[in-house]
Amino acid sequence: MKLLLVGMLAIVITSFGLTQVFAEKNSFFDSVRFIQYLDENTALEEVRNGNLDLYYYRISADRLENTKAREGLNVYDSSSGSYSILINPAETEKFNPFSITENRFALNYLVDRKLIVNELMAGYGAPMISNYGPFDPAYLTIIEQLESFNFRYNPALAEEIITKNLKDKGAIKIDNQWQMDGEPIEITFFIRSDDPVRKSIGEILSSELERIGFTVKKDFGDLNKAFVIVYGSNPADLKWNLYTEGWNKSAFVKYDSVGLGQMYSPWFSNMPGFNDPTYWNYQNDYIDSLSQKIYTGNFSSAVEREELIQEATVEGVNESVRIFLASKVDQYVVNENIRGVVNDFGAGVPSRFTPINAQGDKEELVIGVKQIYQGAWNPVMGFGDSYSRQIWGILSDPIAFPHPFTGEILPIRGNWQVETAGPDGVLEIPDDAIMWDPVSQEWKKVEKGAQAISKVTFDLEFSNWHNGQKMDMNDVLHSLYFTIEWGTQTDENDKTVDTEFTPRAAQSVQTLIGVKPIDENTIEVYVDFWHFDEGEIADWASLWNTMPWEIFTAIEHAVMDGKVSISRSGAASKNVNWVSLIIPNDAKVIQSYLDEFKTSQYIPPALKQLESEFGYFDNRYTSSSKWIEENNHAVISNGPFYLDSYSPESRTITVLAFEDESYPYRAGSWSEFEKTEFPKITKVSMPNLIQKNTELNIQINTIQTDSILYFLNNNRGELVSSETIQVKGDSTTITISEEITKNLGIGGNDLKVFAISTSVLKPDFYSTSFLVTDNQDRLPEITKTEIQFIQEQQIVFWILIPVIILIIVIILFLKRRK
């Protein structure tokens with residue numbers, strides 16, 4: 001038999017017919033079209049009938065509750081986000097009740113988290129009180145601290161706390177209305193109306209606040225409006241007091257170093273004031289110091305890191321500027337004819353790997369999205385919303401990305417070798433290592449005898465940019481320049497400063513000691529950073545760029561000239577555009593700078609010592625300017641797809657496959673991520689009513705599980721027992737001794753169980769409440785399974801009663817006729 005390979009075409013004969021696999025293709029689909037569908041019900045029907053292949057937004061559980069409702073669909077569950085309330089703590093001339101910490105904290109008792117999960121979310125979620133929920137790897141680190149708060153829905157306690165604080169400030173209550181200086185105390189609640197769950201949360205909490213005696217002004221809107229009212233205004237102006245936030249993850253992370261900074265710490269520029277020097281800003285040096293240590297690897301062991309996380313979490317909850325309500329388990333729908341979906345533990349179905357790996361019978365993949373454009377598309381402080389990130393994720397390749405199921409750092413466009421002397425030692429840095437000096441505006445050699453904690457050698461995998469120019473080491477070194485230049489404020493007249501970006505970049509700058517380019521794609525990076533996981537060291541030290549250096553240079557000049565801003569708050573305070581490269585007007589601004597650079601033969605200071613021939617710069621400027629002219633946007637990157645068009649009128653974005661031989665990955669490269677085995681709790685059998693001072697046995701049935709971790713709390717919220725049990729087989733028994741059950745309270749007690757796998761870092765979670773009595777009589781051992789069976793028998797019995805009565809009536813009627 002002769003095997004003929006033409007153009008790497010392989011024809012595979014399967015039992016289902018002929019399948020053609022074009023090995024040279026970089027993706028299975030030639031294009032991906034994103035279309036806005038605001039209404040989830042319409043989107044559901046469009047996925048079912050095949051007009052949409054999948055929908056990047058959750059579908060309400062009541063629309064998918066039975067087999068018939070799921071016909072033509074594949075349904076994926078994913079714990080991909082959370083809900084929170086952002087609170088304005090500004091101290092202003094006009095009285096703000098939430099400038100009082102205790103009043104903010106009291107809201108934890110005014111929100112009914114169980115109602116939110118069970119009613120508004122139809123059970124698809126779990127209550128949460130910090131930024132880490134039950135499905136996050138860090139949750140098990142802080143669960144004891146969280147349980148100590150013992151938050152329960154208790155509006156009477158909330159009112160008691162708030163009443164005391166308002167009276168202490170001189171407020172009075174007249175006709176059930178709180179007043180200060182003769183005026184009603186008004187709360188402006190910005191409520192997201194484009195999300196049914198958040199809209200309901202806002203309505204319910206508004207009613208609770210009105211019941212207490214506040215005057216509530218409800219302001220409804222979407223994210224674009226929130227960017228102006230909430231994130232783009234001075235908190236001291238009190239344009240808002242409360243805001244219903246929603247969060248979606250872009251990836252599953254094993255060791256999260258960002259979350260506590262992002263959600264609780266002022267330095268990250270995500271707390272009220274957002275570090276705009278012209279605004280009132282929330283300050284908390286204590287939590288800043290804790291979260292910065294976590295972020296920059298300033299710890300000496302895994303135990304110390306856990307302690308930092310615990311302390312920061314407690315402080316964040318105590319301050320209650322951002323109150324978390326529930327973690328979401330979203331249900332995503334995909335047409336049954338689509339294969340290769342990657343359900344990332346963090347991002348869910350909208351992971352960056354899904355469009356890259358998806359397969360079907362058509363040439364175009366059609367994805368419905370809730371919003372087609374919100375925020376801004378720029379590589380510095382843009383792509384902050386999930387809608388833009390979901391598209392940007394397939395247009396750009398990062399150097400590394402978290403594994404979708406383990407969260408470990410996965411090489412994407414480079415390999416690395418880590419050498420570290422941490423946490424206590426140091427390494428010598430070679431004398432010819434260099435670093436950018438923002439004062440002298442040049443690359444300088446590091447000081448003689450310089451030392452660093454860790455060294456990472458990167459072998460980078462370059463390809464062509466979407467405009468045809470080859471990526472090179474200049475792109476990488478320019479990214480380092482940009483971080484240092486914009487992460488350092490040399491004096492009060494420094495124009496390379498941004499209120500949001502600079503404080504974040506400054507944390508990285510403190511750890512960057514030097515770099516040494518070895519050849520055209522190899523570079524050594526020296527950092528004062530340590531982690532017990534070498535992948536985390538590599539991720540921290542990684543140098544990469546997702547757009548050509550000339551685009552960054554044009555953005556930089558446009559910002560310094562006051563035409564645009566790289567950040568949302570900077571744009572608001574300077575009254576200029578938040579630069580977005582997908583918008584034609586902003587793209588033309590970038591193009592004008594590129595043309596000016598070409599005409600004036602401009603060489604950026606960061607590249608003067610690295611490249612001498614202007615022909616290189618001329619090619620870069622010309623190619624990027626031509627791209628903008630032909631495509632009407634300035635989005636140029638290095639991923640498996642490139643941006644073809646954005647149509648605001650039809651609310652669509654189309655991307656095309658980047659079929660370039662330099663791109664390192666071929667279709668099917670990520671197929672290993674299509675399926676994984678999750679740990680799962682399949683059954684829990686325990687008495688519904690137990691007797692105090694007696695042994696309690698709980699049977700847990702699991703699959704794909706290596707260990708079980710449980711937490712048992714009494715009716716006062718106190719932890720009375722916790723243990724990790726190794727699983728052998730499918731059934732495990734938790735035995736609670738008499739010594740422990742005597743500490744349970746009479747009435748309701750709580751049990752939480754986690755099923756844990758060593759290969760998949762997402763535990764399954766089960767919680768229940770049970771009753772405890774001190775009755776000495778023997779109690780019937782009725783398990784939850786038996787209770788369900790009895791209830792089913794009762795349901796059948798009550799269904800049969802009217803049927804029996806109807807039969808009797810018919811018989812009597814027939815006898816009477818006779």
# chains A, B, ... in the order shown; residues from 1 in each chain; ligands from 1
$ residues_around --residues "Phe190 in chain A" --least-positions-apart "5" --cutoff "9 Å" --atoms "only C-alpha atoms" --output "ChimeraX atom specification"
/A:202,217-221,226,229-230,239-244
$ residues_around --residues "range 113-125 of chain A" --least-positions-apart "6" --cutoff "7 Å" --atoms "only C-alpha atoms" --output "list in words"
Ala61, Val197, Leu325, Ala326, Ser327, Lys328, Val329 and Asp330 of chain A
$ select_by_dssp --residues "range 297-533 of chain A" --states "alpha helix (DSSP H)" --output "PyMOL selection string"
chain A and resi 302-319+353-357+386-395+473-486+501-509
$ atom_distance --atom1 "CA of Glu311 in chain A" --atom2 "CA of Tyr286 in chain A"
9.8 Å
$ residues_around --residues "Gly382 in chain A" --least-positions-apart "4" --cutoff "9 Å" --atoms "only C-alpha atoms" --output "short mmCIF file (atom, residue, chain, number, x, y, z; two decimals) with N, CA and C atoms, in the first residue's frame"
data_model
loop_
_atom_site.label_atom_id
_atom_site.label_comp_id
_atom_site.auth_asym_id
_atom_site.auth_seq_id
_atom_site.Cartn_x
_atom_site.Cartn_y
_atom_site.Cartn_z
N GLY A 375 -16.11 49.23 27.81
CA GLY A 375 -14.74 49.48 28.23
C GLY A 375 -13.89 49.94 27.07
N ALA A 376 -12.62 49.55 27.06
CA ALA A 376 -11.69 49.99 26.02
C ALA A 376 -10.75 48.86 25.64
N TRP A 377 -10.32 48.88 24.39
CA TRP A 377 -9.36 47.90 23.90
C TRP A 377 -7.99 48.56 23.84
N ASN A 378 -7.21 48.42 24.89
CA ASN A 378 -5.80 48.82 24.80
C ASN A 378 -5.00 47.88 25.70
N SER A 388 -14.66 42.00 26.44
CA SER A 388 -13.51 42.25 25.56
C SER A 388 -12.42 41.20 25.78
N ILE A 566 -4.55 56.06 28.98
CA ILE A 566 -4.51 54.61 28.93
C ILE A 566 -5.47 53.96 29.92
N SER A 567 -5.99 54.77 30.88
CA SER A 567 -6.85 54.20 31.91
C SER A 567 -8.19 54.92 31.97
N ARG A 568 -9.15 54.24 32.58
CA ARG A 568 -10.50 54.78 32.73
C ARG A 568 -10.51 56.02 33.60
N TRP A 578 -10.63 57.35 26.70
CA TRP A 578 -9.92 56.16 27.19
C TRP A 578 -9.54 55.40 25.93
N VAL A 579 -8.28 55.43 25.56
CA VAL A 579 -7.87 54.99 24.23
C VAL A 579 -8.29 53.55 23.97
N SER A 580 -8.95 53.36 22.82
CA SER A 580 -9.45 52.05 22.44
C SER A 580 -9.09 51.81 20.98
#
$ select_by_dssp --residues "range 138-261 of chain A" --states "strand (DSSP E)" --output "MDAnalysis selection string"
chainID A and resid 172:174 177:180 183:184 186:192 215:221 242:248
$ write_last_selection --atoms "N, CA, C and O atoms" --output "CSV table (one decimal), in the first residue's frame"
chain,number,residue,atom,x,y,z
A,172,ILE,N,-31.7,61.7,63.5
A,172,ILE,CA,-32.9,61.4,64.2
A,172,ILE,C,-33.9,60.7,63.3
A,172,ILE,O,-33.8,60.9,62.1
A,173,LYS,N,-34.8,60.0,63.8
A,173,LYS,CA,-35.7,59.2,63.0
A,173,LYS,C,-37.1,59.8,63.3
A,173,LYS,O,-37.7,59.8,64.4
A,174,ILE,N,-37.7,60.3,62.2
A,174,ILE,CA,-39.1,60.9,62.2
A,174,ILE,C,-40.0,60.2,61.2
A,174,ILE,O,-39.7,60.1,60.0
A,177,GLN,N,-38.3,57.6,59.2
A,177,GLN,CA,-37.4,58.1,58.2
A,177,GLN,C,-36.2,58.8,58.9
A,177,GLN,O,-36.4,59.7,59.7
A,178,TRP,N,-35.0,58.3,58.5
A,178,TRP,CA,-33.8,58.9,59.1
A,178,TRP,C,-33.5,60.3,58.5
A,178,TRP,O,-33.6,60.4,57.3
A,179,GLN,N,-33.2,61.2,59.4
A,179,GLN,CA,-32.9,62.6,58.9
A,179,GLN,C,-31.6,63.1,59.6
A,179,GLN,O,-31.3,62.7,60.7
A,180,MET,N,-30.9,63.9,58.9
A,180,MET,CA,-29.7,64.5,59.4
A,180,MET,C,-29.8,66.0,59.0
A,180,MET,O,-29.9,66.4,57.9
A,183,GLU,N,-32.7,67.0,56.9
A,183,GLU,CA,-32.9,66.5,55.6
A,183,GLU,C,-32.9,65.0,55.6
A,183,GLU,O,-32.1,64.4,56.4
A,184,PRO,N,-33.7,64.3,54.8
A,184,PRO,CA,-33.6,62.8,54.8
A,184,PRO,C,-32.3,62.3,54.4
A,184,PRO,O,-31.6,62.9,53.6
A,186,GLU,N,-30.3,60.2,52.3
A,186,GLU,CA,-30.6,59.6,51.0
A,186,GLU,C,-29.4,58.7,50.6
A,186,GLU,O,-28.3,59.1,50.7
A,187,ILE,N,-29.8,57.5,50.1
A,187,ILE,CA,-28.8,56.6,49.6
A,187,ILE,C,-29.0,56.4,48.1
A,187,ILE,O,-30.1,56.1,47.7
A,188,THR,N,-28.0,56.6,47.3
A,188,THR,CA,-28.1,56.4,45.8
A,188,THR,C,-27.5,55.0,45.5
A,188,THR,O,-26.4,54.8,45.7
A,189,PHE,N,-28.4,54.2,45.0
A,189,PHE,CA,-28.0,52.8,44.8
A,189,PHE,C,-28.0,52.6,43.2
A,189,PHE,O,-29.0,52.6,42.6
A,190,PHE,N,-26.7,52.4,42.7
A,190,PHE,CA,-26.6,52.2,41.3
A,190,PHE,C,-26.8,50.7,41.1
A,190,PHE,O,-26.0,49.8,41.5
A,191,ILE,N,-27.8,50.3,40.3
A,191,ILE,CA,-28.2,48.9,40.2
A,191,ILE,C,-28.0,48.5,38.7
A,191,ILE,O,-28.6,49.2,37.8
A,192,ARG,N,-27.3,47.4,38.5
A,192,ARG,CA,-27.1,46.9,37.1
A,192,ARG,C,-28.5,46.3,36.6
A,192,ARG,O,-28.9,45.2,37.1
A,215,THR,N,-33.9,56.8,52.8
A,215,THR,CA,-34.5,57.2,51.6
A,215,THR,C,-33.6,56.7,50.5
A,215,THR,O,-32.4,57.1,50.4
A,216,VAL,N,-34.1,55.8,49.6
A,216,VAL,CA,-33.2,55.1,48.6
A,216,VAL,C,-33.6,55.6,47.2
A,216,VAL,O,-34.8,55.6,46.8
A,217,LYS,N,-32.6,56.1,46.5
A,217,LYS,CA,-32.8,56.6,45.1
A,217,LYS,C,-32.1,55.5,44.3
A,217,LYS,O,-30.9,55.3,44.3
A,218,LYS,N,-32.9,54.8,43.5
A,218,LYS,CA,-32.4,53.7,42.6
A,218,LYS,C,-32.0,54.3,41.2
A,218,LYS,O,-32.8,54.9,40.6
A,219,ASP,N,-30.8,54.0,40.9
A,219,ASP,CA,-30.2,54.5,39.6
A,219,ASP,C,-29.9,53.2,38.8
A,219,ASP,O,-29.0,52.5,39.2
A,220,PHE,N,-30.6,53.0,37.7
A,220,PHE,CA,-30.4,51.7,36.9
A,220,PHE,C,-29.5,52.0,35.7
A,220,PHE,O,-29.5,53.1,35.1
A,221,GLY,N,-28.7,51.0,35.3
A,221,GLY,CA,-27.8,51.2,34.1
A,221,GLY,C,-26.9,50.0,33.9
A,221,GLY,O,-27.0,49.0,34.6
A,242,LEU,N,-24.0,52.8,46.8
A,242,LEU,CA,-23.9,51.3,46.6
A,242,LEU,C,-23.9,51.0,45.2
A,242,LEU,O,-24.5,51.7,44.4
A,243,TYR,N,-23.3,49.9,44.8
A,243,TYR,CA,-23.3,49.4,43.4
A,243,TYR,C,-23.2,47.9,43.4
A,243,TYR,O,-22.5,47.3,44.1
A,244,THR,N,-24.1,47.3,42.6
A,244,THR,CA,-24.2,45.8,42.4
A,244,THR,C,-23.1,45.4,41.4
A,244,THR,O,-23.3,45.6,40.2
A,245,GLU,N,-22.0,44.8,41.9
A,245,GLU,CA,-20.9,44.4,41.0
A,245,GLU,C,-21.1,42.9,40.6
A,245,GLU,O,-21.7,42.1,41.3
A,246,GLY,N,-20.5,42.6,39.5
A,246,GLY,CA,-20.4,41.2,39.1
A,246,GLY,C,-19.0,40.9,38.5
A,246,GLY,O,-18.4,41.8,37.9
A,247,TRP,N,-18.5,39.7,38.8
A,247,TRP,CA,-17.1,39.4,38.4
A,247,TRP,C,-17.1,38.1,37.6
A,247,TRP,O,-17.8,37.2,38.0
A,248,ASN,N,-16.3,38.1,36.6
A,248,ASN,CA,-16.1,36.9,35.8
A,248,ASN,C,-14.6,36.7,35.8
A,248,ASN,O,-13.8,37.6,35.6
$ residues_around --residues "range 473-484 of chain A" --least-positions-apart "6" --cutoff "10 Å" --atoms "only C-alpha atoms" --output "ChimeraX atom specification"
/A:380,435-438,441-443,460,462,496,501-502,504-506,508-510,512,515,517,519-523,542-550,552-553,556,604-607,610-611
$ write_last_selection --atoms "C-alpha atoms" --output "PDB file, in the first residue's frame"
ATOM      1  CA  VAL A 380      -2.056  48.685  29.096  1.00  0.00           C
ATOM      2  CA  MET A 435      18.352  47.896  33.279  1.00  0.00           C
ATOM      3  CA  TRP A 436      16.387  50.901  32.037  1.00  0.00           C
ATOM      4  CA  ASP A 437      17.114  54.140  33.867  1.00  0.00           C
ATOM      5  CA  PRO A 438      14.085  56.462  33.696  1.00  0.00           C
ATOM      6  CA  GLN A 441      16.624  57.768  29.684  1.00  0.00           C
ATOM      7  CA  GLU A 442      19.023  54.994  28.703  1.00  0.00           C
ATOM      8  CA  TRP A 443      19.885  51.363  29.341  1.00  0.00           C
ATOM      9  CA  LEU A 460      11.041  32.762  23.559  1.00  0.00           C
ATOM     10  CA  PHE A 462       8.486  34.417  18.293  1.00  0.00           C
ATOM     11  CA  THR A 496       4.785  59.063  32.052  1.00  0.00           C
ATOM     12  CA  PHE A 501      -1.234  51.795  35.988  1.00  0.00           C
ATOM     13  CA  THR A 502       1.684  53.418  37.833  1.00  0.00           C
ATOM     14  CA  ARG A 504       0.539  48.544  40.006  1.00  0.00           C
ATOM     15  CA  ALA A 505       3.643  48.689  37.831  1.00  0.00           C
ATOM     16  CA  ALA A 506       5.626  50.155  40.746  1.00  0.00           C
ATOM     17  CA  SER A 508       6.947  45.012  39.726  1.00  0.00           C
ATOM     18  CA  VAL A 509       9.637  47.643  39.294  1.00  0.00           C
ATOM     19  CA  GLN A 510      10.768  47.135  42.892  1.00  0.00           C
ATOM     20  CA  LEU A 512      13.230  43.913  38.699  1.00  0.00           C
ATOM     21  CA  VAL A 515      18.194  41.492  32.287  1.00  0.00           C
ATOM     22  CA  PRO A 517      19.819  39.243  26.331  1.00  0.00           C
ATOM     23  CA  ASP A 519      20.736  35.795  21.599  1.00  0.00           C
ATOM     24  CA  GLU A 520      17.842  36.769  19.324  1.00  0.00           C
ATOM     25  CA  ASN A 521      15.279  34.775  21.331  1.00  0.00           C
ATOM     26  CA  THR A 522      16.922  34.036  24.701  1.00  0.00           C
ATOM     27  CA  ILE A 523      17.060  36.349  27.688  1.00  0.00           C
ATOM     28  CA  SER A 542       8.284  36.798  32.302  1.00  0.00           C
ATOM     29  CA  LEU A 543       8.930  39.475  29.667  1.00  0.00           C
ATOM     30  CA  TRP A 544       6.653  39.524  26.647  1.00  0.00           C
ATOM     31  CA  ASN A 545       4.561  41.810  24.494  1.00  0.00           C
ATOM     32  CA  THR A 546       1.158  41.240  22.909  1.00  0.00           C
ATOM     33  CA  MET A 547       1.376  44.245  20.577  1.00  0.00           C
ATOM     34  CA  PRO A 548       4.284  45.644  18.518  1.00  0.00           C
ATOM     35  CA  TRP A 549       6.522  48.176  20.238  1.00  0.00           C
ATOM     36  CA  GLU A 550       5.563  50.876  17.709  1.00  0.00           C
ATOM     37  CA  PHE A 552       2.967  51.164  22.411  1.00  0.00           C
ATOM     38  CA  THR A 553       5.191  54.082  21.394  1.00  0.00           C
ATOM     39  CA  GLU A 556       2.649  56.677  24.839  1.00  0.00           C
ATOM     40  CA  PRO A 604      12.361  55.633  20.603  1.00  0.00           C
ATOM     41  CA  PRO A 605      14.915  56.195  23.398  1.00  0.00           C
ATOM     42  CA  ALA A 606      14.402  52.616  24.619  1.00  0.00           C
ATOM     43  CA  LEU A 607      15.612  51.238  21.261  1.00  0.00           C
ATOM     44  CA  LEU A 610      19.607  48.286  20.526  1.00  0.00           C
ATOM     45  CA  GLU A 611      19.047  49.038  16.832  1.00  0.00           C
TER      46      GLU A 611
END
$ residues_around --residues "range 561-565 of chain A" --least-positions-apart "2" --cutoff "9 Å" --atoms "only C-alpha atoms" --output "ChimeraX atom specification"
/A:495,498,555-559,567-572,574-579,586,589
$ atom_distance --atom1 "CA of His633 in chain A" --atom2 "CA of Asp618 in chain A"
20.0 Å
$ residues_around --residues "Thr457 in chain A" --least-positions-apart "2" --cutoff "9 Å" --atoms "only C-alpha atoms" --output "ChimeraX atom specification"
/A:415-419,455,459,522-526,538
$ write_last_selection --atoms "N, CA and C atoms" --output "PDB file, in the first residue's frame"
ATOM      1  N   ASN A 415       9.742  28.685  26.720  1.00  0.00           N
ATOM      2  CA  ASN A 415      10.102  27.770  27.806  1.00  0.00           C
ATOM      3  C   ASN A 415      11.065  28.494  28.742  1.00  0.00           C
ATOM      4  N   TRP A 416      11.229  27.960  29.936  1.00  0.00           N
ATOM      5  CA  TRP A 416      12.073  28.644  30.904  1.00  0.00           C
ATOM      6  C   TRP A 416      12.811  27.672  31.794  1.00  0.00           C
ATOM      7  N   GLN A 417      13.858  28.210  32.390  1.00  0.00           N
ATOM      8  CA  GLN A 417      14.627  27.481  33.389  1.00  0.00           C
ATOM      9  C   GLN A 417      14.806  28.420  34.578  1.00  0.00           C
ATOM     10  N   VAL A 418      14.418  27.937  35.753  1.00  0.00           N
ATOM     11  CA  VAL A 418      14.439  28.770  36.948  1.00  0.00           C
ATOM     12  C   VAL A 418      15.602  28.369  37.847  1.00  0.00           C
ATOM     13  N   GLU A 419      16.313  29.364  38.330  1.00  0.00           N
ATOM     14  CA  GLU A 419      17.349  29.163  39.342  1.00  0.00           C
ATOM     15  C   GLU A 419      17.055  30.155  40.465  1.00  0.00           C
ATOM     16  N   LYS A 455      16.747  33.860  39.202  1.00  0.00           N
ATOM     17  CA  LYS A 455      17.117  34.074  37.805  1.00  0.00           C
ATOM     18  C   LYS A 455      16.269  33.139  36.953  1.00  0.00           C
ATOM     19  N   ASP A 459      13.568  30.992  26.791  1.00  0.00           N
ATOM     20  CA  ASP A 459      13.708  30.748  25.359  1.00  0.00           C
ATOM     21  C   ASP A 459      12.365  31.080  24.721  1.00  0.00           C
ATOM     22  N   THR A 522      16.640  34.504  23.339  1.00  0.00           N
ATOM     23  CA  THR A 522      16.922  34.036  24.701  1.00  0.00           C
ATOM     24  C   THR A 522      17.321  35.225  25.570  1.00  0.00           C
ATOM     25  N   ILE A 523      16.759  35.246  26.775  1.00  0.00           N
ATOM     26  CA  ILE A 523      17.060  36.349  27.688  1.00  0.00           C
ATOM     27  C   ILE A 523      17.037  35.846  29.122  1.00  0.00           C
ATOM     28  N   GLU A 524      17.985  36.355  29.921  1.00  0.00           N
ATOM     29  CA  GLU A 524      18.012  36.074  31.347  1.00  0.00           C
ATOM     30  C   GLU A 524      17.374  37.242  32.099  1.00  0.00           C
ATOM     31  N   VAL A 525      16.538  36.912  33.068  1.00  0.00           N
ATOM     32  CA  VAL A 525      15.855  37.934  33.853  1.00  0.00           C
ATOM     33  C   VAL A 525      16.171  37.694  35.326  1.00  0.00           C
ATOM     34  N   TYR A 526      16.614  38.743  36.035  1.00  0.00           N
ATOM     35  CA  TYR A 526      16.986  38.658  37.438  1.00  0.00           C
ATOM     36  C   TYR A 526      15.971  39.449  38.271  1.00  0.00           C
ATOM     37  N   ALA A 538       8.675  31.996  37.353  1.00  0.00           N
ATOM     38  CA  ALA A 538       8.782  32.241  35.910  1.00  0.00           C
ATOM     39  C   ALA A 538       7.699  33.196  35.439  1.00  0.00           C
TER      40      ALA A 538
END
$ residues_around --residues "Leu594 in chain A" --least-positions-apart "2" --cutoff "8 Å" --atoms "only C-alpha atoms" --output "PDB file with N, CA and C atoms, in the first residue's frame"
ATOM      1  N   GLU A 550       5.922  49.592  18.311  1.00  0.00           N
ATOM      2  CA  GLU A 550       5.563  50.876  17.709  1.00  0.00           C
ATOM      3  C   GLU A 550       4.149  51.314  18.074  1.00  0.00           C
ATOM      4  N   ALA A 554       3.340  54.827  20.000  1.00  0.00           N
ATOM      5  CA  ALA A 554       2.337  55.784  19.543  1.00  0.00           C
ATOM      6  C   ALA A 554       1.331  56.096  20.655  1.00  0.00           C
ATOM      7  N   ILE A 590      -3.459  56.964  16.508  1.00  0.00           N
ATOM      8  CA  ILE A 590      -2.249  56.130  16.534  1.00  0.00           C
ATOM      9  C   ILE A 590      -1.547  56.178  15.187  1.00  0.00           C
ATOM     10  N   GLN A 591      -2.323  56.087  14.112  1.00  0.00           N
ATOM     11  CA  GLN A 591      -1.735  56.117  12.770  1.00  0.00           C
ATOM     12  C   GLN A 591      -1.008  57.433  12.504  1.00  0.00           C
ATOM     13  N   SER A 592      -1.578  58.528  12.968  1.00  0.00           N
ATOM     14  CA  SER A 592      -0.944  59.831  12.721  1.00  0.00           C
ATOM     15  C   SER A 592       0.431  59.895  13.386  1.00  0.00           C
ATOM     16  N   GLU A 596       4.078  60.244  11.567  1.00  0.00           N
ATOM     17  CA  GLU A 596       5.001  61.299  12.005  1.00  0.00           C
ATOM     18  C   GLU A 596       6.357  60.710  12.369  1.00  0.00           C
ATOM     19  N   PHE A 597       6.360  59.559  13.039  1.00  0.00           N
ATOM     20  CA  PHE A 597       7.619  58.880  13.385  1.00  0.00           C
ATOM     21  C   PHE A 597       8.403  58.549  12.118  1.00  0.00           C
ATOM     22  N   LYS A 598       7.693  58.084  11.104  1.00  0.00           N
ATOM     23  CA  LYS A 598       8.350  57.690   9.844  1.00  0.00           C
ATOM     24  C   LYS A 598       8.975  58.903   9.151  1.00  0.00           C
ATOM     25  N   TYR A 621       7.021  51.116  11.232  1.00  0.00           N
ATOM     26  CA  TYR A 621       6.039  52.209  11.155  1.00  0.00           C
ATOM     27  C   TYR A 621       5.134  52.043   9.934  1.00  0.00           C
ATOM     28  N   THR A 622       5.733  51.699   8.819  1.00  0.00           N
ATOM     29  CA  THR A 622       4.972  51.577   7.564  1.00  0.00           C
ATOM     30  C   THR A 622       3.949  50.449   7.649  1.00  0.00           C
ATOM     31  N   SER A 624       2.528  48.959  10.306  1.00  0.00           N
ATOM     32  CA  SER A 624       1.435  49.198  11.247  1.00  0.00           C
ATOM     33  C   SER A 624       0.502  50.292  10.744  1.00  0.00           C
ATOM     34  N   SER A 625       1.060  51.342  10.124  1.00  0.00           N
ATOM     35  CA  SER A 625       0.221  52.400   9.555  1.00  0.00           C
ATOM     36  C   SER A 625      -0.640  51.856   8.423  1.00  0.00           C
TER      37      SER A 625
END
$ atom_distance --atom1 "CA of Pro196 in chain A" --atom2 "CA of Arg352 in chain A"
26.1 Å
$ closest_residue --among "A:Thr694, A:Asp539, A:Arg666, A:Val32" --to "Pro411 in chain A" --atoms "only C-alpha atoms"
A:Asp539
$ closest_residue --among "A:Thr141, A:Ser233, A:Thr652, A:Ser645" --to "Gln36 in chain A" --atoms "only C-alpha atoms"
A:Thr652
